[in-house]
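Worksheet: the structure to be examined is printed underneath.
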Amino acid sequence: MLDEREAIGKRVRRQRLRLGMTQADLAAKLRRSQGWVSKVEQGRIELDRAKLINEVAAALHCHPNDLIERPFIAGKASENQWQVAAASILRELRRYDLTPTFDGQPRTSRQLWQETERLHRLRDAAANVSILRVLPDLLREAQALAEVATGHEREEAFGVYAVCCKFAHTAAHALGHPELVAMSCERASWAAERSGDVVLPAVASWMRVWDMWATADWHDAITLSDKALQAIEGEYAAGEPLAVRAWGTLQLRAAVSAARAGLPQETEDRIRMARTAAERMVVSEAPVFDRHSLTFSPGNVQIHSISVQLEMGDHAKALLLHERADHEQVAILPGSRRGYHHMDIARAWLWDGNRDRALAELEKAEKIAPQLVRNHPVARATLRKIVYAERTVTRERLRRMSDRFHLDG
């Protein structure tokens, strides 16, 4: 894993030289020192924040995956089979406006929505590989229904198709497949506009905001969030449950964007508005089916309030908010969300100098969402820093002991 850190530095250097940039040029773009760039290229500084990775990639005019070499190739062939499913999904998305290759009669939209509940459960467990395996057939069937249905049933078929694209988008981000990320986002927007669902286009914009982070376009991400918020403002004001969820989720997206843009007051304002939306959510005896699969809740607002502090480099405040959090609300979040949260707390403890607690949090994250964590660049960077620090301490202890034993020669 230490070799991996050095390899990232070499890829930064190779891309910089490919563009004919000096270290001073790159440093100026990043508002860093030339010495900092030199240490990154030597593997002596870890790119351990998504904001940092994305900004370096944007300055070098490449995708972040080009620097961190995603997707990571596992040692076992069986662990790489998800790429076969990803290729099948891409095939379906490319032929979105052609006659679907579907034998027989497609099920009703009601039945297809019920089928998406399986995807919700897999998403909650961060089982991204399993999600990709389910999607090709479901996309094909939703497209077939849209082909033969009319009126509201046809609109619902497009709604199912758009939400399937959202699941593909989330899994592709987690596993590191930029082509699938981009195409699923485009197709989600296309289908959402045909769905008759007034909230679904805003959900598609929420996906686009995530993609803007890859190019460090923080201000554009805020602008797009606001455009989507404006589109559902009336439904939110009326208390429409799915609009409230989408509104809160978009505010959280905007909060992360503002934190990465270095806008602390706007970050706090967005968290506050998301918290207000969470308070408006009414728990009834018959909960609303979250057909858009947005994991918005008071617990989700709490973990985002911690995450944005880390984005702004304030690990002490992040740990304080973690201590004050309602851990019962966090505990009921889906596994994918809790996995991200424990990765964040691991980073906070590491920056605080407590490697033992950092490792314990990283172990919790891996136990909850193994596929997500083992393949996540920030989790890998955090573990590398722990390993490197432990080796450094061990070397120093051995040096001192050898001195005491007079083993210099």
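By convention here, the chains of the structure tokens are called A, B, ... in the order presented, each chain's residues are numbered starting at 1, and ligands are numbered starting at 1 in the order presented.
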I'd like the contact shell of Ala358 of chain A - 6 Å cut-off, only C-alpha atoms, skipping same-chain residues fewer than 3 positions apart - returned as a PDB file with C-alpha atoms, in the first residue's frame.
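Output (selection_27.pdb):
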```
ATOM      1  CA  ALA A 346     -11.232   7.556  11.170  1.00  0.00           C
ATOM      2  CA  TRP A 349      -8.896  10.649  14.773  1.00  0.00           C
ATOM      3  CA  LEU A 350      -5.862  10.216  12.526  1.00  0.00           C
ATOM      4  CA  ARG A 355      -3.951   6.062  15.273  1.00  0.00           C
ATOM      5  CA  GLU A 361     -13.176   3.376  13.088  1.00  0.00           C
TER       6      GLU A 361
END
```
Who sits within 12 Å of segment 263-265 of chain A, only C-alpha atoms, same chain under 4 positions skipped, as an MDAnalysis selection string: chainID A and resid 218:219 222 254:259 269:272 305 308:314
Spatial neighbours of Arg123 of chain A, max dist 9 Å, only C-alpha atoms, sep filter under 6 positions, as a PyMOL selection string: chain A and resi 131+167+170-171+293+334-336
Using only C-alpha atoms: which of A:Trp36, A:Tyr96, A:Tyr340, A:Phe296 has the shortest distance to Ala243 of chain A: A:Phe296
Do you know which residues are at most 12 Å from Leu98 of chain A counting only C-alpha atoms, after dropping those on the same chain fewer than 3 positions away, and could you put them as a PDB file with C-alpha atoms, in the first residue's frame?
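Full text of selection26.pdb as output:
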```
ATOM      1  CA  ARG A  91     -24.909  -1.525 -23.594  1.00  0.00           C
ATOM      2  CA  GLU A  92     -28.474  -0.980 -22.418  1.00  0.00           C
ATOM      3  CA  LEU A  93     -27.910   2.726 -21.811  1.00  0.00           C
ATOM      4  CA  ARG A  94     -26.353   3.232 -25.257  1.00  0.00           C
ATOM      5  CA  ARG A  95     -29.426   1.804 -26.997  1.00  0.00           C
ATOM      6  CA  THR A 101     -34.430  -6.578 -26.924  1.00  0.00           C
ATOM      7  CA  PHE A 102     -37.031  -8.005 -24.562  1.00  0.00           C
ATOM      8  CA  ARG A 140     -34.316  -3.577 -20.395  1.00  0.00           C
ATOM      9  CA  GLN A 143     -37.536   0.331 -21.563  1.00  0.00           C
ATOM     10  CA  ALA A 144     -39.776  -2.364 -23.030  1.00  0.00           C
ATOM     11  CA  ALA A 146     -42.154   2.438 -22.031  1.00  0.00           C
ATOM     12  CA  GLU A 147     -42.208   1.179 -25.627  1.00  0.00           C
TER      13      GLU A 147
END
```
Could you name the residues that touch Val181 of chain A at 9 Å or less, counting only C-alpha atoms, but leaving out those on the same chain fewer than 2 positions away, as a compact mmCIF listing (two decimals) with C-alpha atoms, in the first residue's frame?
```txt
# COMPACT_ATOMS: atom_id res chain seq x y z
CA ALA A 168 -26.07 2.48 -11.58
CA HIS A 169 -24.62 5.93 -10.94
CA THR A 170 -24.14 5.31 -7.21
CA ALA A 171 -22.55 1.88 -7.71
CA ALA A 172 -20.29 3.16 -10.50
CA HIS A 173 -19.02 5.95 -8.25
CA GLY A 176 -14.69 3.63 -9.86
CA HIS A 177 -16.18 3.40 -13.38
CA PRO A 178 -16.23 6.94 -14.85
CA GLU A 179 -17.85 5.99 -18.17
CA MET A 183 -23.73 7.80 -19.07
CA SER A 184 -26.08 6.81 -16.23
CA CYS A 185 -26.32 10.46 -15.22
CA GLU A 186 -27.21 11.52 -18.78
CA ASP A 211 -20.19 14.50 -11.03
```
Shell of 12 Å around Gln111 of chain A, only C-alpha atoms, local chain residues under 6 positions omitted, as a VMD selection string: chain A and resid 117 to 118 138 141 to 142 145 153 156 to 157 160
Requested write-out: all heavy atoms of the selected residues, as a short mmCIF file (atom, residue, chain, number, x, y, z; two decimals), in the first residue's frame:
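This is the output file again.cif:
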```cif
data_model
loop_
_atom_site.label_atom_id
_atom_site.label_comp_id
_atom_site.auth_asym_id
_atom_site.auth_seq_id
_atom_site.Cartn_x
_atom_site.Cartn_y
_atom_site.Cartn_z
N GLU A 117 -37.34 -2.22 -4.92
CA GLU A 117 -37.14 -2.33 -3.47
C GLU A 117 -35.95 -3.23 -3.14
O GLU A 117 -35.26 -3.04 -2.15
CB GLU A 117 -38.42 -2.84 -2.80
CG GLU A 117 -39.58 -1.85 -2.89
CD GLU A 117 -40.81 -2.35 -2.14
OE1 GLU A 117 -40.63 -3.02 -1.11
OE2 GLU A 117 -41.93 -2.05 -2.58
N ARG A 118 -35.72 -4.22 -3.99
CA ARG A 118 -34.54 -5.07 -3.82
C ARG A 118 -33.27 -4.24 -3.97
O ARG A 118 -32.29 -4.42 -3.24
CB ARG A 118 -34.57 -6.20 -4.85
CG ARG A 118 -33.36 -7.13 -4.79
CD ARG A 118 -33.41 -8.13 -5.92
NE ARG A 118 -32.24 -8.99 -5.93
CZ ARG A 118 -31.92 -9.77 -6.94
NH1 ARG A 118 -32.69 -9.84 -8.01
NH2 ARG A 118 -30.83 -10.53 -6.89
N LEU A 138 -33.44 -5.21 -15.52
CA LEU A 138 -34.47 -4.28 -15.08
C LEU A 138 -34.54 -3.06 -16.00
O LEU A 138 -35.63 -2.57 -16.33
CB LEU A 138 -34.22 -3.85 -13.64
CG LEU A 138 -35.36 -3.14 -12.91
CD1 LEU A 138 -36.66 -3.93 -13.02
CD2 LEU A 138 -35.00 -2.92 -11.44
N GLU A 141 -36.32 -4.19 -19.16
CA GLU A 141 -37.76 -4.37 -19.01
C GLU A 141 -38.48 -3.02 -18.88
O GLU A 141 -39.57 -2.84 -19.42
CB GLU A 141 -38.06 -5.25 -17.79
CG GLU A 141 -39.51 -5.66 -17.69
CD GLU A 141 -39.78 -6.75 -16.66
OE1 GLU A 141 -38.82 -7.10 -15.92
OE2 GLU A 141 -40.92 -7.22 -16.59
N ALA A 142 -37.87 -2.08 -18.17
CA ALA A 142 -38.48 -0.75 -18.05
C ALA A 142 -38.56 -0.07 -19.41
O ALA A 142 -39.57 0.58 -19.75
CB ALA A 142 -37.68 0.11 -17.07
N LEU A 145 -41.41 -1.64 -21.36
CA LEU A 145 -42.71 -1.16 -20.92
C LEU A 145 -42.99 0.23 -21.48
O LEU A 145 -44.11 0.53 -21.93
CB LEU A 145 -42.78 -1.14 -19.39
CG LEU A 145 -44.09 -0.64 -18.78
CD1 LEU A 145 -45.27 -1.51 -19.23
CD2 LEU A 145 -44.01 -0.58 -17.26
N GLU A 153 -48.93 5.09 -17.37
CA GLU A 153 -48.13 3.86 -17.28
C GLU A 153 -46.79 4.04 -18.00
O GLU A 153 -45.74 3.59 -17.52
CB GLU A 153 -48.90 2.68 -17.87
CG GLU A 153 -48.22 1.34 -17.76
CD GLU A 153 -48.17 0.77 -16.35
OE1 GLU A 153 -48.56 1.48 -15.39
OE2 GLU A 153 -47.73 -0.38 -16.20
N GLU A 156 -44.57 6.20 -15.82
CA GLU A 156 -44.02 5.43 -14.70
C GLU A 156 -42.87 4.53 -15.15
O GLU A 156 -41.90 4.34 -14.41
CB GLU A 156 -45.13 4.59 -14.06
CG GLU A 156 -46.12 5.40 -13.26
CD GLU A 156 -45.49 5.97 -12.00
OE1 GLU A 156 -45.43 5.27 -10.98
OE2 GLU A 156 -45.04 7.13 -12.05
N ALA A 157 -42.96 3.99 -16.36
CA ALA A 157 -41.87 3.18 -16.89
C ALA A 157 -40.59 4.01 -17.01
O ALA A 157 -39.50 3.54 -16.67
CB ALA A 157 -42.26 2.59 -18.25
N VAL A 160 -39.13 4.44 -13.52
CA VAL A 160 -38.35 3.27 -13.10
C VAL A 160 -36.98 3.28 -13.78
O VAL A 160 -35.95 3.04 -13.14
CB VAL A 160 -39.10 1.96 -13.43
CG1 VAL A 160 -38.22 0.74 -13.16
CG2 VAL A 160 -40.39 1.85 -12.63
#
```
Contacts of Trp206 of chain A at 10 Å (only C-alpha atoms; same-chain gap of 5+ positions) as a ChimeraX atom specification: /A:166,185,200-201,211,221,224-225,228-229,246-247,249-254
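Going from atom CA of Thr382 of chain A over to atom CA of Arg400 of chain A, you cover 27.4 Å.
Across A:Val244, A:Met281, A:Ala174, A:Ala50, the tightest approach to Val203 of chain A is made by A:Val244 when counting only C-alpha atoms.
Counting only C-alpha atoms and comparing A:Pro377, A:Pro136, A:Pro298, A:Gly339, the residue that lies closest to Ile8 of chain A is A:Pro377.
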Test item, helix (DSSP H, G or I) assignment across segment 168-408 of chain A, answer as a VMD selection string: chain A and resid 168 to 175 178 to 193 200 to 214 218 to 231 233 to 237 241 to 260 264 to 280 298 to 311 315 to 324 327 to 331 335 to 351 355 to 368 370 to 374 377 to 404
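When only C-alpha atoms are used to measure the gap to Arg133 of chain A, the shortest distance among A:Arg337, A:Ala192, A:Gln81, A:Leu242 belongs to A:Gln81.
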From A:Ala162, A:Ile53, A:Leu67, A:Val148, residue lying nearest Glu6 of chain A [only C-alpha atoms]: A:Leu67
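What separates atom CA of His61 of chain A from atom CA of Arg11 of chain A is a distance of 12.8 Å.
The nearest approach to Asp97 of chain A among the residues A:Ala204, A:Ala191, A:Val209, A:Leu372, with only C-alpha atoms taken into account, belongs to A:Ala191.
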